[in-house]
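Worksheet for the structure shown next.
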Amino acid sequence: MENFEPEIVAFCCHYCAYTAADMAGSKRIAYPPNVKIIRVPCTGKVDAIHIMKAFEKGADGVYVAGCLEGDCHFKNGNTRAKYRVEQVQKYLTDLGWEKDRVAMINMSAGMGEFFASTALEFTQNIKQLGPSPIKHFNTDGHQTAVS
Amino acid sequence: MITAEQKPLKEIIEYISPYDRILLVGCNECVTVCAAGGRKEVGLLASALNLHSLKQGRTIDIKEITLERQCDPEYVEELVSEIDRADAILSMACGCGVQTIAERYKEKPVFPAVNTKFMGASQSQGIWVERCQGCGDCLLGITGGICPVARCSKHLLNGPCGGTSDGKCEIAPDVDCAWCLIWERLKALGMEKRYEEIMEAKDFRPAGGGGPRKIIREDLSL
């Protein structure tokens with residue numbers, strides 16, 4: 001468990017979190033390489049099925065990073081994303097998983113430091129929770145990594 | 001449309017736990033509109049069941065199919081090519097769909113994945129409300145387009161009961177009194193006279209009191 005390096009998928013909105021990640025990079029602020037970013041045009045595009053598929057493929061944690069509340073580039077995509085994250089949390093709870101393996105995070109494009117600190121905090125939280133309950137036995141019979 | 005809600009995962013898992021190959025069948029009609037059993041919900045449920053089985057250390061083979069209409073034999077026929085590869089069928093359609101499949105594929109166990117609720121209308125996004133009980137003898141022409149059978153908690157036909165208060169029903173403060181709505185509507189239409197007409201006791205045989213109902217259209221029958 002000590003050497004456990006979680007695989008984390010971050011669905012990042014093009015207009016905020018993805019740009020914030022870019023800014024973190026420009027400012028040379030390090031964040032854990034465990035976080036694999038998927039750029040989306042808006043977090044409203046992220047459906048519950050995308051999050052579930054990430055878990056199915058072996059992710060230990062997933063977060064959706066969208067614009068600050070009330071600041072969505074497409075008006076209310078981040079609010080929709082929040083509800084979908086809650087929907088997945090309910091599914092995970094019903095399945096006996098920890099609901100904290102999935103989270104909704106809000107930030108603006110200028111929050112490079114916050115992006116990095118959030119990535120670090122989420123990674124630490126997932127390390128505490130341990131590997132995904134299906135880590136040792138995946139759909140193809142192998143331990144899979146998300147990459 | 002017919003509204004439905006997904007059953008608790010625990011119950012669904014109990015149904016399918018003895019089987020390794022599941023045919024998960026959604027429906028493109030009502031349950032898609034009320035987001036209970038369409039293609040998207042089929043994908044989500046399949047994913048959840050996969051996660052559950054992997055956690056248990058086993059794999060199950062879930063084949064996802066969403067039919068155009070599960071309550072129509074010609075669409076249910078499309079499952080023929082898949083049925084042999086399944087140990088059990090899990091249906092996300094309303095009770096009509098589940099029964100159409102059960103009738104056609106007698107050799108396979110069929111389980112419902114949703115609870116069928118009521119005939120409802122969409123009030124706003126994500127909210128559905130009961131508007132019709134299929135009583136078989138529509139009164140809406142007399143009651144200003146508001147149904148006392150479906151919307152009055154007591155199904156009263158001649159005005160409100162003593163439980164009405166400020167336009168709300170005594171059962172809950174967020175339930176409108178159907179008869180208050182009817183009165184306001186008739187008033188707005190200048191049809192108050194309608195309210196004074198006494199309705200006779202309703203014949204509930206067409207509402208299902210006479211046993212399972214059936215429609216036969218000879219002009220359409222083959």
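Residues in the structure tokens are named by chain (A, B, ... in the order shown) and by number from 1 within that chain; ligands are numbered from 1 in the order shown.
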
Find the residues in chain A near chain B: any atom within 12 Å counts, using only C-alpha atoms. Write them as a ChimeraX atom specification. /A:47-59,80,83-84,87-97,131-143

List the neighbours of B:Cys161 out to 12 Å using only C-alpha atoms; skip same-chain residues closer than 6 positions along the sequence, and give me the result as JSON, numbers by chain. {"B": [148, 152, 153, 154, 155, 167, 168, 169, 170, 171, 177, 178, 179, 180]}

Save out the residues we just selected, C-alpha atoms, as an mmCIF file, in the first residue's frame.
data_model
loop_
_atom_site.group_PDB
_atom_site.id
_atom_site.type_symbol
_atom_site.label_atom_id
_atom_site.label_comp_id
_atom_site.auth_asym_id
_atom_site.auth_seq_id
_atom_site.Cartn_x
_atom_site.Cartn_y
_atom_site.Cartn_z
ATOM 1 C CA PRO B 148 -60.327 14.822 -10.765
ATOM 2 C CA CYS B 152 -57.951 14.529 -6.523
ATOM 3 C CA SER B 153 -56.593 12.325 -3.752
ATOM 4 C CA LYS B 154 -60.102 10.972 -3.167
ATOM 5 C CA HIS B 155 -61.075 10.851 -6.870
ATOM 6 C CA GLY B 167 -56.113 25.605 -2.922
ATOM 7 C CA LYS B 168 -54.046 22.780 -1.447
ATOM 8 C CA CYS B 169 -54.956 19.218 -0.567
ATOM 9 C CA GLU B 170 -54.861 18.055 3.042
ATOM 10 C CA ILE B 171 -52.501 15.191 2.226
ATOM 11 C CA CYS B 177 -56.578 20.581 -4.736
ATOM 12 C CA ALA B 178 -57.812 19.355 -8.126
ATOM 13 C CA TRP B 179 -61.266 20.815 -7.537
ATOM 14 C CA CYS B 180 -59.873 24.259 -6.763
#

Between atom CA of B:Val25 and atom CA of B:Val98, what distance in Å does the model show, to one decimal?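 Taking atom CA of B:Val25 and atom CA of B:Val98, their separation equals 9.4 Å.
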
Close residues, B:Lys106 itself excluded, 12 Å, only C-alpha atoms, min 4 positions apart in chain, as a list in words: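 Everything that qualifies: Ile83, Ala88, Ile89, Val98, Gln99, Thr100, Ile101, Ala102 and Val110 of chain B.
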
Restrict the selected residues to C-alpha atoms and save them as an mmCIF file, in the first residue's frame.
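Saved to part10.cif:
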data_model
loop_
_atom_site.group_PDB
_atom_site.id
_atom_site.type_symbol
_atom_site.label_atom_id
_atom_site.label_comp_id
_atom_site.auth_asym_id
_atom_site.auth_seq_id
_atom_site.Cartn_x
_atom_site.Cartn_y
_atom_site.Cartn_z
ATOM 1 C CA ILE B 83 -31.162 -14.673 -26.808
ATOM 2 C CA ALA B 88 -31.145 -14.151 -18.237
ATOM 3 C CA ILE B 89 -32.759 -10.952 -19.478
ATOM 4 C CA VAL B 98 -40.998 -6.830 -19.427
ATOM 5 C CA GLN B 99 -44.126 -8.904 -20.037
ATOM 6 C CA THR B 100 -43.845 -8.720 -23.827
ATOM 7 C CA ILE B 101 -40.323 -10.154 -23.562
ATOM 8 C CA ALA B 102 -41.378 -12.780 -21.027
ATOM 9 C CA VAL B 110 -36.773 -12.027 -17.316
#

Where in chain A does DSSP assign strand (DSSP E), given as a list in words? Ile8, Val9, Ala10, Phe11, Cys12, Cys13, Val35, Lys36, Ile37, Ile38, Arg39, Val40, Gly61, Val62, Tyr63, Val64, Ala65, Gly66, Val102, Ala103, Met104, Ile105 and Asn106 of chain A

Go ahead and save the residues from that selection, with N, CA and C atoms, as a short mmCIF file (atom, residue, chain, number, x, y, z; two decimals), in the first residue's frame.
data_model
loop_
_atom_site.label_atom_id
_atom_site.label_comp_id
_atom_site.auth_asym_id
_atom_site.auth_seq_id
_atom_site.Cartn_x
_atom_site.Cartn_y
_atom_site.Cartn_z
N ILE A 8 -5.48 8.56 -11.55
CA ILE A 8 -6.58 9.52 -11.38
C ILE A 8 -6.92 10.17 -12.71
N VAL A 9 -8.20 10.19 -13.01
CA VAL A 9 -8.65 10.84 -14.25
C VAL A 9 -9.31 12.17 -13.89
N ALA A 10 -8.88 13.22 -14.54
CA ALA A 10 -9.47 14.54 -14.30
C ALA A 10 -10.10 15.05 -15.59
N PHE A 11 -11.40 15.18 -15.58
CA PHE A 11 -12.09 15.77 -16.73
C PHE A 11 -12.04 17.29 -16.53
N CYS A 12 -11.28 17.96 -17.38
CA CYS A 12 -11.07 19.40 -17.17
C CYS A 12 -11.70 20.23 -18.29
N CYS A 13 -12.43 21.24 -17.86
CA CYS A 13 -13.09 22.14 -18.80
C CYS A 13 -12.03 22.97 -19.54
N VAL A 35 -2.30 12.31 -12.00
CA VAL A 35 -3.50 12.91 -12.58
C VAL A 35 -3.40 12.94 -14.10
N LYS A 36 -4.32 12.22 -14.74
CA LYS A 36 -4.36 12.21 -16.20
C LYS A 36 -5.52 13.11 -16.64
N ILE A 37 -5.18 14.12 -17.39
CA ILE A 37 -6.20 15.11 -17.75
C ILE A 37 -6.90 14.75 -19.07
N ILE A 38 -8.20 14.87 -19.05
CA ILE A 38 -8.98 14.75 -20.29
C ILE A 38 -9.66 16.10 -20.50
N ARG A 39 -9.31 16.75 -21.58
CA ARG A 39 -9.89 18.08 -21.83
C ARG A 39 -11.29 17.91 -22.43
N VAL A 40 -12.24 18.64 -21.87
CA VAL A 40 -13.61 18.61 -22.41
C VAL A 40 -14.03 20.06 -22.71
N GLY A 61 -9.50 7.03 -8.86
CA GLY A 61 -10.26 8.22 -8.51
C GLY A 61 -10.53 9.03 -9.76
N VAL A 62 -11.64 9.77 -9.74
CA VAL A 62 -11.99 10.60 -10.89
C VAL A 62 -12.49 11.94 -10.36
N TYR A 63 -12.03 13.02 -10.95
CA TYR A 63 -12.67 14.29 -10.61
C TYR A 63 -12.98 15.10 -11.85
N VAL A 64 -14.01 15.92 -11.68
CA VAL A 64 -14.46 16.77 -12.77
C VAL A 64 -14.15 18.20 -12.34
N ALA A 65 -13.35 18.90 -13.14
CA ALA A 65 -12.96 20.26 -12.76
C ALA A 65 -13.59 21.25 -13.74
N GLY A 66 -14.50 22.04 -13.21
CA GLY A 66 -15.22 22.99 -14.05
C GLY A 66 -15.09 24.41 -13.55
N VAL A 102 -14.88 10.04 -6.27
CA VAL A 102 -15.27 10.95 -7.34
C VAL A 102 -15.62 12.30 -6.73
N ALA A 103 -15.20 13.36 -7.40
CA ALA A 103 -15.44 14.70 -6.84
C ALA A 103 -15.64 15.72 -7.94
N MET A 104 -16.35 16.79 -7.56
CA MET A 104 -16.51 17.94 -8.45
C MET A 104 -15.70 19.09 -7.86
N ILE A 105 -14.89 19.72 -8.69
CA ILE A 105 -14.05 20.82 -8.22
C ILE A 105 -14.27 22.02 -9.14
N ASN A 106 -14.33 23.20 -8.54
CA ASN A 106 -14.55 24.40 -9.36
C ASN A 106 -13.35 25.34 -9.26
#

At a cut-off of 6 Å, using only C-alpha atoms, what residues contact stretch 116-127 of chain B? Leave out same-chain residues fewer than 6 positions from it and give the result as number ranges by chain. B: 1-4, 94

Write the residues of the selection above to a file with C-alpha atoms, as an mmCIF file, in the first residue's frame.
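Dumped everything to part_3.cif:
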data_model
loop_
_atom_site.group_PDB
_atom_site.id
_atom_site.type_symbol
_atom_site.label_atom_id
_atom_site.label_comp_id
_atom_site.auth_asym_id
_atom_site.auth_seq_id
_atom_site.Cartn_x
_atom_site.Cartn_y
_atom_site.Cartn_z
ATOM 1 C CA MET B 1 -46.137 8.698 -21.054
ATOM 2 C CA ILE B 2 -45.484 5.861 -18.661
ATOM 3 C CA THR B 3 -43.002 6.897 -15.987
ATOM 4 C CA ALA B 4 -40.560 4.656 -14.186
ATOM 5 C CA CYS B 94 -42.041 -0.545 -18.073
#

Gap from atom CA of A:Leu68 to atom CA of A:Cys16 - Å, one decimal: 8.4 Å
